[in-house]
Amino acid sequence: MPRTILEPRSHVEYLSILDSDGNLDAALEPRLSPAELKSLYRAMLLGRRFDERMVRLQRQGRIGTFAPIKGQEASQLGSVFTLRATDWMVPSFRETAAMIWRGWPLEKILLFFAGYVEGGQPAPDQHDLPITIPVGTQLPHAVGLAYAAQYKGDDAVVMVYFGDGATSEGDFHEALNFAGVWHVPVVFVCQNNQWAISVPLKKQTHSKTIAQKALAYGLPGIQVDGNDVLAVYAAAREAVERARAGEGPTLIESVTYRLGVHTTADDPTKYRTQEEVTAWEQKDPLTRFRAYLEKKDLLEDGLERRVDDEIAEAVRRFEATAPPDPLTVFDHVYAEMPPHLRAQRDELARWLREGGAPAPEPPAAPLGATPMRGQRLTRR
Amino acid sequence: MSVTKLNMVKALNLALLQEMERDPAVLILGEDVGVDGGVFRVTDDLQRKFGSQRVIDSPLAEAAIIGTAVGMALYGLKPVCEIQFSGFAFQCFHQIENHAARYRLRSQGRFHCQMVIRMPYGGGVRALEHHTESEEQFYAHVPGLKMVIPSGPRTARALLTSAIRDPDPVVFFESKALYHAAKEEVPADPEALPIGRAQVVREGRDLTLIAYGAMLRVAREAADVLQAEDRVETEVVDLLTIAPLDRETIVTSVAKTGRAVVVHEAPRSFGPGAEVAASIMEGAFLHLEAPVRRVTANDVSFVGFAREKAHVPDVARVAAAARETLAF
């Protein structure tokens with residue numbers, strides 16, 4: 001019995017349409033209308049300016065720890081742009097630009113990062129999950145949503161975001177495996193931003209690409225220039241169309257770079273060089289898309305000012321938010337508040353009402369005041 | 001109302017069958033739940049009746065079983081997941097604690113996870129490590145979860161029915177020792193019991209025994225022994241729901257008897273007995289004639305079934321603890 005080679009039937013492609021020098025592969029250029037191109041650029045700019053504003057707000061102590069997206073605008077908007085409102089978006093914790101596109105009000109995002117649970121509440125008709133913080137754990141949720149959509153006969157597609165670090169988690173592999181076996185309409189978007197806090201990609205995986213991990217699960221995988229919004233859009237549109245047509249899941253590896261800190265609690269100078277950051281700044285997704293639009297004469301005058309005004313207005317609304325009521329957190333633990341939670345809520349309410357120094361309540365005596373039968377061994 | 005005598009496996013199967021007939025959003029997923037009908041046959045014949053899209057033989061991965069069920073629940077389905085043995089559930093504990101239990105709060109009521117996570121638990125079946133443990137305390141400690149453990153065929157059927165209808169995620173433990181232990185009369189028409197309510201299954205005025213799951217039989221037999229040999233009237237409380245705990249029923253009983261012994265198969269420290277004892281202290285302190293006693297497994301992660309009998313509470317140990325409490 002000779003050894004035989006089982007030829008892999010699949011391959012992994014790399015897609016780039018508009019490179020950092022502004023060269024365009026016209027044959028691959030997606031057909032986007034002027035209005036679509038303008039709205040894409042506006043969303044990328046809003047994502048960038050809001051991100052920069054949030055970092056400043058954090059430095060001023062007006063919001064808490066926050067994970068900036070700077071550098072990943074094309075990766076997020078090129079992909080999320082391909083969804084319908086009835087499709088589902090499942091974020092991790094670094095998808096602010098995609099979330100804004102999906103309709104999350106800026107002040108709600110600010111509330112979230114200011115520690116208000118209200119910031120996690122999607123609108124009643126919004127098909128987005130709230131931010132998920134434990135790395136990679138949202139991937140199976142996306143697969144379950146996609147299974148449910150298919151089960152009910154809806155034509156909804158689910159898009160789920162995660163980073164390169166998440167591909168080391170078991171949940172990533174389990175989710176891709178389940179998605180493959182179940183053949184459900186889900187698009188996995190890995191924003192490979194090169195760094196999982198301080199750990200570079202080469203210490204995260206020995207695979208040449210993240211896209212090739214799809215092949216092990218029987219799905220197509222594609223690597224795209226994640227700073228090229230046209231390439232991300234083209235790959236995502238293809239994957240979404242395939243999912244909607246019942247042709248199953250896709251893994252997109254969007255190669256990008258986190259230009260800023262991991263979170264505002266992080267100091268990247270400890271683990272990466274300024275030369276590396278500078279090299280990636282040359283590949284800034286906004287710069288090249290702006291040049292592309294300039295050639296098409298699609299840049300709008302005064303856009304930056306309008307975007308900044310929108311942000312300033314949102315910050316004003318956020319800062320006018322009433323102080324949080326400590327008692328409302330009991331409301332959504334269960335559908336109906338069980339007696340022990342009601343008792344804890346009442347105890348806290350009493351404490352707060354009485355200025356924080358309440359007399360301890362006597363324990364509830366369900367049968368009324370019976371004699372102290374337990375005194376036998378008690379000396380007072 | 002017509003009744004049939006069923007063991008616990010058949011009673012659970014009946015609840016699943018009737019809820020799936022009643023509500024098209026209910027589906028089942030887990031390892032070997034379809035063609036094989038589950039390793040304990042609880043889901044027997046359901047895939048043939050409802051198809052492989054609704055009774056799903058999933059790949060072998062606990063985290064993805066619970067994680068995908070969370071996604072299904074967020075979409076409005078009502079998944080009933082089977083984890084083959086509770087000893088393997090730590091591979092999905094993060095999905096239960098981080099997500100199933102939290103989506104309602106995290107989304108401020110926009111989403112919730114109506115789902116049931118069934119797992120066989122407990123000893124008494126001569127099984128290997130990870131197949132005999134009682135680890136209900138982990139789930140009982142998680143806000144947003146409900147933790148239910150029936151004590152026989154009839155409560156199993158009625159509580160599983162309630163768990164499937166409950167809008168919150170329910171972890172549902174099934175004692176392996178009880179699966180085939182005894183048959184009970186189970187009504188043919190759907191029957192539900194409220195989650196969060198304990199039952200006084202035997203009335204008495206001298207002592208309260210508090211137990212659940214497989215330990216309920218032990219407590220009842222100990223009560224028989226105490227009646228016959230000591231003329232002691234023992235009240236027996238079957239918790240049925242571990243969380244949220246029915247403190248009212250416990251406190252009312254102990255306020256009457258003045259003495260309490262809690263019995264469970266889980267290790268003692270930080271176990272359900274501690275919460276029961278604290279609830280008695282908070283609610284019936286002035287009625288107590290003796291300290292609350294706990295008869296439980298020891299704080300050893302597993303003992304091997306060759307030594308199991310010496311470690312799991314039995315009738316003699318419960319009766320002895322009761323006598324010490326009565327003599328205090």
# chains A, B, ... in the order shown; residues from 1 in each chain; ligands from 1
$ residues_around --residues "Thr252 in chain B" --least-positions-apart "4" --cutoff "12 Å" --atoms "only C-alpha atoms" --output "PyMOL selection string"
(chain A and resi 364-368) or (chain B and resi 198-200+205+208+235+237+246-248+256-260+279-280+283-285+287-288)
$ residues_around --residues "Ala291 in chain A" --least-positions-apart "5" --cutoff "12 Å" --atoms "only C-alpha atoms" --output "list in words"
Leu18, Asp19, Ser20, Asp21, Gly22, Asn23, Leu24, Tyr41, Asp284, Pro285, Leu286, Lys296, Asp297, Leu298 and Leu299 of chain A
$ write_last_selection --atoms "N, CA and C atoms" --output "PDB file, in the first residue's frame"
ATOM      1  N   LEU A  18      -7.414  47.973  -3.847  1.00  0.00           N
ATOM      2  CA  LEU A  18      -6.864  49.342  -3.832  1.00  0.00           C
ATOM      3  C   LEU A  18      -5.708  49.331  -2.840  1.00  0.00           C
ATOM      4  N   ASP A  19      -4.465  49.393  -3.347  1.00  0.00           N
ATOM      5  CA  ASP A  19      -3.349  49.251  -2.414  1.00  0.00           C
ATOM      6  C   ASP A  19      -2.972  50.587  -1.773  1.00  0.00           C
ATOM      7  N   SER A  20      -1.964  50.527  -0.885  1.00  0.00           N
ATOM      8  CA  SER A  20      -1.660  51.722  -0.089  1.00  0.00           C
ATOM      9  C   SER A  20      -1.018  52.818  -0.927  1.00  0.00           C
ATOM     10  N   ASP A  21      -0.551  52.459  -2.132  1.00  0.00           N
ATOM     11  CA  ASP A  21      -0.022  53.504  -3.021  1.00  0.00           C
ATOM     12  C   ASP A  21      -1.105  54.072  -3.936  1.00  0.00           C
ATOM     13  N   GLY A  22      -2.321  53.602  -3.742  1.00  0.00           N
ATOM     14  CA  GLY A  22      -3.423  54.141  -4.543  1.00  0.00           C
ATOM     15  C   GLY A  22      -3.631  53.417  -5.860  1.00  0.00           C
ATOM     16  N   ASN A  23      -2.879  52.320  -6.085  1.00  0.00           N
ATOM     17  CA  ASN A  23      -3.085  51.554  -7.328  1.00  0.00           C
ATOM     18  C   ASN A  23      -4.397  50.775  -7.230  1.00  0.00           C
ATOM     19  N   LEU A  24      -5.153  50.830  -8.299  1.00  0.00           N
ATOM     20  CA  LEU A  24      -6.469  50.189  -8.307  1.00  0.00           C
ATOM     21  C   LEU A  24      -6.498  49.067  -9.346  1.00  0.00           C
ATOM     22  N   TYR A  41     -17.388  56.254   3.241  1.00  0.00           N
ATOM     23  CA  TYR A  41     -16.300  57.126   3.710  1.00  0.00           C
ATOM     24  C   TYR A  41     -16.731  57.901   4.946  1.00  0.00           C
ATOM     25  N   ASP A 284      -2.724  53.448   6.088  1.00  0.00           N
ATOM     26  CA  ASP A 284      -3.985  53.891   6.725  1.00  0.00           C
ATOM     27  C   ASP A 284      -5.174  53.734   5.767  1.00  0.00           C
ATOM     28  N   PRO A 285      -6.206  53.037   6.237  1.00  0.00           N
ATOM     29  CA  PRO A 285      -7.358  52.783   5.341  1.00  0.00           C
ATOM     30  C   PRO A 285      -8.082  54.058   4.913  1.00  0.00           C
ATOM     31  N   LEU A 286      -8.082  55.086   5.749  1.00  0.00           N
ATOM     32  CA  LEU A 286      -8.789  56.314   5.369  1.00  0.00           C
ATOM     33  C   LEU A 286      -8.043  57.081   4.290  1.00  0.00           C
ATOM     34  N   LYS A 296     -12.450  60.490  -7.925  1.00  0.00           N
ATOM     35  CA  LYS A 296     -13.819  60.401  -8.446  1.00  0.00           C
ATOM     36  C   LYS A 296     -14.620  61.657  -8.141  1.00  0.00           C
ATOM     37  N   ASP A 297     -13.972  62.620  -7.506  1.00  0.00           N
ATOM     38  CA  ASP A 297     -14.617  63.878  -7.134  1.00  0.00           C
ATOM     39  C   ASP A 297     -15.837  63.640  -6.225  1.00  0.00           C
ATOM     40  N   LEU A 298     -15.649  62.738  -5.256  1.00  0.00           N
ATOM     41  CA  LEU A 298     -16.763  62.399  -4.365  1.00  0.00           C
ATOM     42  C   LEU A 298     -16.530  62.867  -2.926  1.00  0.00           C
ATOM     43  N   LEU A 299     -15.476  63.642  -2.709  1.00  0.00           N
ATOM     44  CA  LEU A 299     -15.247  64.130  -1.338  1.00  0.00           C
ATOM     45  C   LEU A 299     -16.155  65.322  -1.043  1.00  0.00           C
TER      46      LEU A 299
END
$ closest_residue --among "A:Leu341, A:Ala320, A:Ile197, A:Val240" --to "chain B" --atoms "only C-alpha atoms"
A:Leu341
$ atom_distance --atom1 "CA of Ala89 in chain B" --atom2 "CA of Gly304 in chain B"
19.4 Å
$ select_by_dssp --residues "range 197-300 of chain B" --states "alpha helix (DSSP H)" --output "ChimeraX atom specification"
/B:215-230,247-257,272-284
$ write_last_selection --atoms "N, CA, C and O atoms" --output "short mmCIF file (atom, residue, chain, number, x, y, z; two decimals), in the first residue's frame"
data_model
loop_
_atom_site.label_atom_id
_atom_site.label_comp_id
_atom_site.auth_asym_id
_atom_site.auth_seq_id
_atom_site.Cartn_x
_atom_site.Cartn_y
_atom_site.Cartn_z
N MET B 215 -31.20 12.05 47.26
CA MET B 215 -31.16 12.06 48.72
C MET B 215 -32.55 12.14 49.35
O MET B 215 -32.70 11.95 50.56
N LEU B 216 -33.55 12.44 48.54
CA LEU B 216 -34.89 12.52 49.13
C LEU B 216 -35.32 11.15 49.65
O LEU B 216 -35.87 11.04 50.75
N ARG B 217 -35.06 10.10 48.87
CA ARG B 217 -35.43 8.75 49.30
C ARG B 217 -34.71 8.42 50.62
O ARG B 217 -35.30 7.87 51.56
N VAL B 218 -33.45 8.79 50.72
CA VAL B 218 -32.67 8.55 51.94
C VAL B 218 -33.32 9.27 53.12
O VAL B 218 -33.50 8.70 54.20
N ALA B 219 -33.72 10.51 52.90
CA ALA B 219 -34.35 11.28 53.97
C ALA B 219 -35.68 10.66 54.39
O ALA B 219 -36.00 10.57 55.58
N ARG B 220 -36.45 10.22 53.41
CA ARG B 220 -37.77 9.62 53.74
C ARG B 220 -37.59 8.33 54.52
O ARG B 220 -38.32 8.07 55.48
N GLU B 221 -36.64 7.53 54.11
CA GLU B 221 -36.41 6.27 54.82
C GLU B 221 -35.88 6.53 56.22
O GLU B 221 -36.24 5.83 57.18
N ALA B 222 -35.04 7.55 56.36
CA ALA B 222 -34.55 7.91 57.70
C ALA B 222 -35.73 8.35 58.57
O ALA B 222 -35.79 8.02 59.77
N ALA B 223 -36.66 9.07 57.97
CA ALA B 223 -37.85 9.50 58.72
C ALA B 223 -38.67 8.29 59.17
O ALA B 223 -39.19 8.26 60.30
N ASP B 224 -38.76 7.26 58.32
CA ASP B 224 -39.46 6.02 58.70
C ASP B 224 -38.77 5.37 59.89
O ASP B 224 -39.42 4.91 60.84
N VAL B 225 -37.44 5.30 59.81
CA VAL B 225 -36.66 4.68 60.90
C VAL B 225 -36.89 5.44 62.20
O VAL B 225 -37.12 4.85 63.26
N LEU B 226 -36.83 6.75 62.12
CA LEU B 226 -37.00 7.57 63.34
C LEU B 226 -38.40 7.41 63.93
O LEU B 226 -38.58 7.39 65.14
N GLN B 227 -39.37 7.26 63.06
CA GLN B 227 -40.75 7.04 63.50
C GLN B 227 -40.86 5.69 64.22
O GLN B 227 -41.39 5.60 65.33
N ALA B 228 -40.30 4.67 63.56
CA ALA B 228 -40.44 3.31 64.09
C ALA B 228 -39.62 3.10 65.36
O ALA B 228 -40.09 2.49 66.31
N GLU B 229 -38.40 3.61 65.37
CA GLU B 229 -37.50 3.28 66.46
C GLU B 229 -37.47 4.32 67.57
O GLU B 229 -37.13 4.01 68.71
N ASP B 230 -37.78 5.57 67.26
CA ASP B 230 -37.63 6.65 68.25
C ASP B 230 -38.94 7.40 68.50
O ASP B 230 -38.96 8.33 69.29
N ARG B 247 -36.89 29.63 50.49
CA ARG B 247 -36.55 29.85 51.90
C ARG B 247 -37.80 29.82 52.78
O ARG B 247 -37.75 29.40 53.93
N GLU B 248 -38.90 30.25 52.22
CA GLU B 248 -40.12 30.36 53.01
C GLU B 248 -40.57 28.99 53.53
O GLU B 248 -40.88 28.85 54.71
N THR B 249 -40.57 28.00 52.64
CA THR B 249 -40.99 26.66 53.06
C THR B 249 -40.03 26.09 54.10
O THR B 249 -40.45 25.48 55.09
N ILE B 250 -38.73 26.30 53.89
CA ILE B 250 -37.73 25.79 54.84
C ILE B 250 -37.92 26.45 56.21
O ILE B 250 -38.00 25.78 57.24
N VAL B 251 -38.00 27.77 56.20
CA VAL B 251 -38.08 28.52 57.46
C VAL B 251 -39.38 28.21 58.19
O VAL B 251 -39.40 28.05 59.42
N THR B 252 -40.46 28.09 57.44
CA THR B 252 -41.75 27.78 58.07
C THR B 252 -41.68 26.42 58.77
O THR B 252 -42.15 26.26 59.91
N SER B 253 -41.05 25.46 58.12
CA SER B 253 -40.96 24.12 58.70
C SER B 253 -40.07 24.13 59.95
O SER B 253 -40.44 23.59 60.99
N VAL B 254 -38.92 24.77 59.84
CA VAL B 254 -37.98 24.74 60.97
C VAL B 254 -38.50 25.60 62.13
O VAL B 254 -38.26 25.28 63.31
N ALA B 255 -39.26 26.64 61.82
CA ALA B 255 -39.87 27.43 62.89
C ALA B 255 -40.84 26.56 63.70
O ALA B 255 -41.04 26.78 64.89
N LYS B 256 -41.40 25.57 63.03
CA LYS B 256 -42.33 24.66 63.70
C LYS B 256 -41.58 23.58 64.49
O LYS B 256 -41.90 23.30 65.64
N THR B 257 -40.54 22.99 63.87
CA THR B 257 -39.88 21.84 64.50
C THR B 257 -38.71 22.23 65.40
O THR B 257 -38.35 21.50 66.31
N PRO B 272 -25.01 23.51 48.94
CA PRO B 272 -26.38 24.00 49.18
C PRO B 272 -26.77 23.95 50.65
O PRO B 272 -27.54 24.80 51.11
N GLY B 273 -26.21 23.00 51.41
CA GLY B 273 -26.53 22.92 52.83
C GLY B 273 -26.13 24.17 53.58
O GLY B 273 -26.80 24.57 54.56
N ALA B 274 -25.06 24.80 53.15
CA ALA B 274 -24.61 26.03 53.81
C ALA B 274 -25.63 27.15 53.60
O ALA B 274 -25.94 27.90 54.53
N GLU B 275 -26.17 27.22 52.40
CA GLU B 275 -27.17 28.26 52.11
C GLU B 275 -28.47 27.97 52.85
O GLU B 275 -29.13 28.90 53.37
N VAL B 276 -28.83 26.70 52.93
CA VAL B 276 -30.04 26.33 53.67
C VAL B 276 -29.86 26.68 55.15
O VAL B 276 -30.74 27.29 55.78
N ALA B 277 -28.68 26.33 55.70
CA ALA B 277 -28.42 26.61 57.12
C ALA B 277 -28.44 28.12 57.39
O ALA B 277 -29.01 28.57 58.39
N ALA B 278 -27.84 28.89 56.48
CA ALA B 278 -27.82 30.35 56.67
C ALA B 278 -29.24 30.91 56.58
O ALA B 278 -29.60 31.82 57.35
N SER B 279 -30.04 30.35 55.68
CA SER B 279 -31.42 30.83 55.56
C SER B 279 -32.21 30.55 56.84
O SER B 279 -33.05 31.35 57.24
N ILE B 280 -31.92 29.39 57.46
CA ILE B 280 -32.60 29.06 58.73
C ILE B 280 -32.15 30.03 59.82
O ILE B 280 -32.97 30.54 60.60
N MET B 281 -30.85 30.33 59.84
CA MET B 281 -30.34 31.29 60.83
C MET B 281 -31.00 32.66 60.66
O MET B 281 -31.37 33.31 61.63
N GLU B 282 -31.16 33.07 59.42
CA GLU B 282 -31.74 34.40 59.16
C GLU B 282 -33.24 34.43 59.43
O GLU B 282 -33.76 35.46 59.84
N GLY B 283 -33.89 33.29 59.20
CA GLY B 283 -35.35 33.31 59.24
C GLY B 283 -35.98 32.64 60.44
O GLY B 283 -37.16 32.87 60.74
N ALA B 284 -35.24 31.76 61.14
CA ALA B 284 -35.87 31.00 62.23
C ALA B 284 -34.95 30.85 63.43
O ALA B 284 -35.09 29.92 64.22
#
$ interface_residues --of "chain B" --to "chain A" --cutoff "8 Å" --atoms "only C-alpha atoms" --output "number ranges by chain"
B: 53, 58-59, 61, 63-64, 67-77, 95, 98, 102, 104-110, 143-144, 167-168, 244, 248, 251-252, 255, 282-290
$ write_last_selection --atoms "N, CA and C atoms" --output "tab-separated table (two decimals), in the first residue's frame"
chain	number	residue	atom	x	y	z
B	53	GLN	N	-33.48	17.87	12.22
B	53	GLN	CA	-33.26	19.31	12.38
B	53	GLN	C	-33.75	19.78	13.74
B	58	SER	N	-25.40	16.65	17.81
B	58	SER	CA	-24.38	17.68	17.59
B	58	SER	C	-22.99	17.05	17.56
B	59	PRO	N	-22.02	17.76	16.97
B	59	PRO	CA	-20.63	17.34	17.16
B	59	PRO	C	-20.28	17.33	18.66
B	61	ALA	N	-18.84	18.62	21.48
B	61	ALA	CA	-18.20	19.82	22.02
B	61	ALA	C	-19.21	20.53	22.93
B	63	ALA	N	-18.99	23.18	24.87
B	63	ALA	CA	-19.08	24.65	24.81
B	63	ALA	C	-19.92	25.09	23.62
B	64	ALA	N	-19.77	24.41	22.49
B	64	ALA	CA	-20.54	24.81	21.32
B	64	ALA	C	-21.99	24.35	21.41
B	67	GLY	N	-23.16	27.11	23.60
B	67	GLY	CA	-22.98	28.39	22.90
B	67	GLY	C	-23.93	28.55	21.72
B	68	THR	N	-24.11	27.49	20.94
B	68	THR	CA	-25.04	27.61	19.82
B	68	THR	C	-26.49	27.65	20.34
B	69	ALA	N	-26.75	26.94	21.43
B	69	ALA	CA	-28.10	27.00	22.01
B	69	ALA	C	-28.41	28.42	22.50
B	70	VAL	N	-27.40	29.11	23.02
B	70	VAL	CA	-27.60	30.51	23.42
B	70	VAL	C	-28.03	31.32	22.19
B	71	GLY	N	-27.34	31.13	21.08
B	71	GLY	CA	-27.69	31.85	19.85
B	71	GLY	C	-29.10	31.52	19.38
B	72	MET	N	-29.45	30.23	19.46
B	72	MET	CA	-30.81	29.82	19.07
B	72	MET	C	-31.85	30.49	19.97
B	73	ALA	N	-31.55	30.52	21.26
B	73	ALA	CA	-32.48	31.13	22.21
B	73	ALA	C	-32.62	32.64	21.95
B	74	LEU	N	-31.51	33.29	21.59
B	74	LEU	CA	-31.57	34.72	21.31
B	74	LEU	C	-32.46	34.99	20.10
B	75	TYR	N	-32.56	34.01	19.23
B	75	TYR	CA	-33.40	34.14	18.03
B	75	TYR	C	-34.86	33.80	18.32
B	76	GLY	N	-35.11	33.22	19.50
B	76	GLY	CA	-36.49	32.91	19.86
B	76	GLY	C	-36.83	31.43	19.92
B	77	LEU	N	-35.85	30.58	19.62
B	77	LEU	CA	-36.10	29.15	19.80
B	77	LEU	C	-35.95	28.81	21.29
B	95	GLN	N	-19.89	29.28	28.88
B	95	GLN	CA	-21.06	29.68	28.09
B	95	GLN	C	-22.30	29.83	28.98
B	98	ASN	N	-21.07	32.99	31.64
B	98	ASN	CA	-20.79	34.26	30.96
B	98	ASN	C	-21.95	34.73	30.08
B	102	ARG	N	-26.59	35.64	31.54
B	102	ARG	CA	-26.38	37.10	31.59
B	102	ARG	C	-27.04	37.91	30.48
B	104	ARG	N	-29.96	38.49	29.51
B	104	ARG	CA	-31.10	39.33	29.88
B	104	ARG	C	-30.63	40.63	30.51
B	105	LEU	N	-29.70	40.49	31.43
B	105	LEU	CA	-29.17	41.68	32.12
B	105	LEU	C	-28.32	42.53	31.18
B	106	ARG	N	-27.44	41.86	30.43
B	106	ARG	CA	-26.51	42.58	29.55
B	106	ARG	C	-27.27	43.40	28.52
B	107	SER	N	-28.37	42.85	28.02
B	107	SER	CA	-29.13	43.54	26.97
B	107	SER	C	-30.30	44.31	27.57
B	108	GLN	N	-30.35	44.38	28.90
B	108	GLN	CA	-31.42	45.10	29.61
B	108	GLN	C	-32.81	44.66	29.13
B	109	GLY	N	-32.96	43.35	29.02
B	109	GLY	CA	-34.27	42.79	28.70
B	109	GLY	C	-34.57	42.65	27.22
B	110	ARG	N	-33.68	43.17	26.36
B	110	ARG	CA	-33.93	43.04	24.92
B	110	ARG	C	-33.84	41.57	24.49
B	143	PRO	N	-26.12	34.06	39.47
B	143	PRO	CA	-27.33	34.86	39.27
B	143	PRO	C	-27.83	34.73	37.83
B	144	GLY	N	-29.13	34.68	37.67
B	144	GLY	CA	-29.71	34.58	36.33
B	144	GLY	C	-30.04	33.15	35.93
B	167	PRO	N	-39.07	31.29	31.12
B	167	PRO	CA	-38.35	32.24	30.26
B	167	PRO	C	-36.88	32.41	30.62
B	168	ASP	N	-36.42	31.85	31.72
B	168	ASP	CA	-35.01	31.97	32.11
B	168	ASP	C	-34.29	30.63	31.91
B	244	PRO	N	-33.83	29.58	42.35
B	244	PRO	CA	-33.89	30.29	43.62
B	244	PRO	C	-34.48	29.41	44.72
B	248	GLU	N	-38.90	30.25	52.22
B	248	GLU	CA	-40.12	30.36	53.01
B	248	GLU	C	-40.57	28.99	53.53
B	251	VAL	N	-38.00	27.77	56.20
B	251	VAL	CA	-38.08	28.52	57.46
B	251	VAL	C	-39.38	28.21	58.19
B	252	THR	N	-40.46	28.09	57.44
B	252	THR	CA	-41.75	27.78	58.07
B	252	THR	C	-41.68	26.42	58.77
B	255	ALA	N	-39.26	26.64	61.82
B	255	ALA	CA	-39.87	27.43	62.89
B	255	ALA	C	-40.84	26.56	63.70
B	282	GLU	N	-31.16	33.07	59.42
B	282	GLU	CA	-31.74	34.40	59.16
B	282	GLU	C	-33.24	34.43	59.43
B	283	GLY	N	-33.89	33.29	59.20
B	283	GLY	CA	-35.35	33.31	59.24
B	283	GLY	C	-35.98	32.64	60.44
B	284	ALA	N	-35.24	31.76	61.14
B	284	ALA	CA	-35.87	31.00	62.23
B	284	ALA	C	-34.95	30.85	63.43
B	285	PHE	N	-34.02	31.80	63.59
B	285	PHE	CA	-33.01	31.69	64.65
B	285	PHE	C	-33.64	31.50	66.03
B	286	LEU	N	-34.65	32.28	66.29
B	286	LEU	CA	-35.22	32.24	67.63
B	286	LEU	C	-36.05	30.98	67.89
B	287	HIS	N	-36.25	30.19	66.84
B	287	HIS	CA	-37.02	28.95	67.00
B	287	HIS	C	-36.10	27.73	67.15
B	288	LEU	N	-34.82	27.93	66.94
B	288	LEU	CA	-33.92	26.78	66.91
B	288	LEU	C	-33.65	26.20	68.29
B	289	GLU	N	-33.74	24.88	68.36
B	289	GLU	CA	-33.42	24.16	69.59
B	289	GLU	C	-32.03	23.54	69.52
B	290	ALA	N	-31.48	23.48	68.32
B	290	ALA	CA	-30.18	22.83	68.12
B	290	ALA	C	-29.54	23.41	66.87
$ residues_around --residues "Leu303 in chain A" --least-positions-apart "3" --cutoff "12 Å" --atoms "only C-alpha atoms" --output "PyMOL selection string"
chain A and resi 38-39+41-46+49+290+298-300+306-310
$ residues_around --residues "Tyr139 in chain B" --least-positions-apart "2" --cutoff "12 Å" --atoms "only C-alpha atoms" --output "JSON, numbers by chain"
{"B": [86, 89, 90, 92, 93, 94, 96, 97, 98, 100, 101, 117, 119, 134, 135, 136, 137, 141, 142, 143, 144, 145, 146, 147, 148, 149, 169, 170, 171, 172, 173, 241, 242, 243, 244, 271, 272]}
$ closest_residue --among "B:Lys78, B:His264, B:Arg154, B:His131" --to "Leu209 in chain B" --atoms "only C-alpha atoms"
B:His264
$ atom_distance --atom1 "CA of Met159 in chain A" --atom2 "CA of Met89 in chain A"
5.1 Å
$ atom_distance --atom1 "CA of Gly61 in chain A" --atom2 "CA of Lys270 in chain A"
23.3 Å
$ residues_around --residues "Leu111 in chain A" --least-positions-apart "5" --cutoff "12 Å" --atoms "only C-alpha atoms" --output "NGL selection string"
:A and (54 or 57 or 62-66 or 104-106 or 116-121 or 314-324)
$ select_by_dssp --residues "range 124-265 of chain A" --states "strand (DSSP E or B)" --output "ChimeraX atom specification"
/A:128,158-163,186-192,195-196,199-200,221-225,250-255
$ decode --residues "range 214-221 of chain B" --atoms "N, CA, C and O atoms" --output "compact mmCIF listing (two decimals), in the first residue's frame"
# COMPACT_ATOMS: atom_id res chain seq x y z
N ALA B 214 -31.64 12.40 44.58
CA ALA B 214 -31.56 11.02 45.07
C ALA B 214 -31.57 10.96 46.60
O ALA B 214 -31.89 9.92 47.17
N MET B 215 -31.20 12.05 47.26
CA MET B 215 -31.16 12.06 48.72
C MET B 215 -32.55 12.14 49.35
O MET B 215 -32.70 11.95 50.56
N LEU B 216 -33.55 12.44 48.54
CA LEU B 216 -34.89 12.52 49.13
C LEU B 216 -35.32 11.15 49.65
O LEU B 216 -35.87 11.04 50.75
N ARG B 217 -35.06 10.10 48.87
CA ARG B 217 -35.43 8.75 49.30
C ARG B 217 -34.71 8.42 50.62
O ARG B 217 -35.30 7.87 51.56
N VAL B 218 -33.45 8.79 50.72
CA VAL B 218 -32.67 8.55 51.94
C VAL B 218 -33.32 9.27 53.12
O VAL B 218 -33.50 8.70 54.20
N ALA B 219 -33.72 10.51 52.90
CA ALA B 219 -34.35 11.28 53.97
C ALA B 219 -35.68 10.66 54.39
O ALA B 219 -36.00 10.57 55.58
N ARG B 220 -36.45 10.22 53.41
CA ARG B 220 -37.77 9.62 53.74
C ARG B 220 -37.59 8.33 54.52
O ARG B 220 -38.32 8.07 55.48
N GLU B 221 -36.64 7.53 54.11
CA GLU B 221 -36.41 6.27 54.82
C GLU B 221 -35.88 6.53 56.22
O GLU B 221 -36.24 5.83 57.18
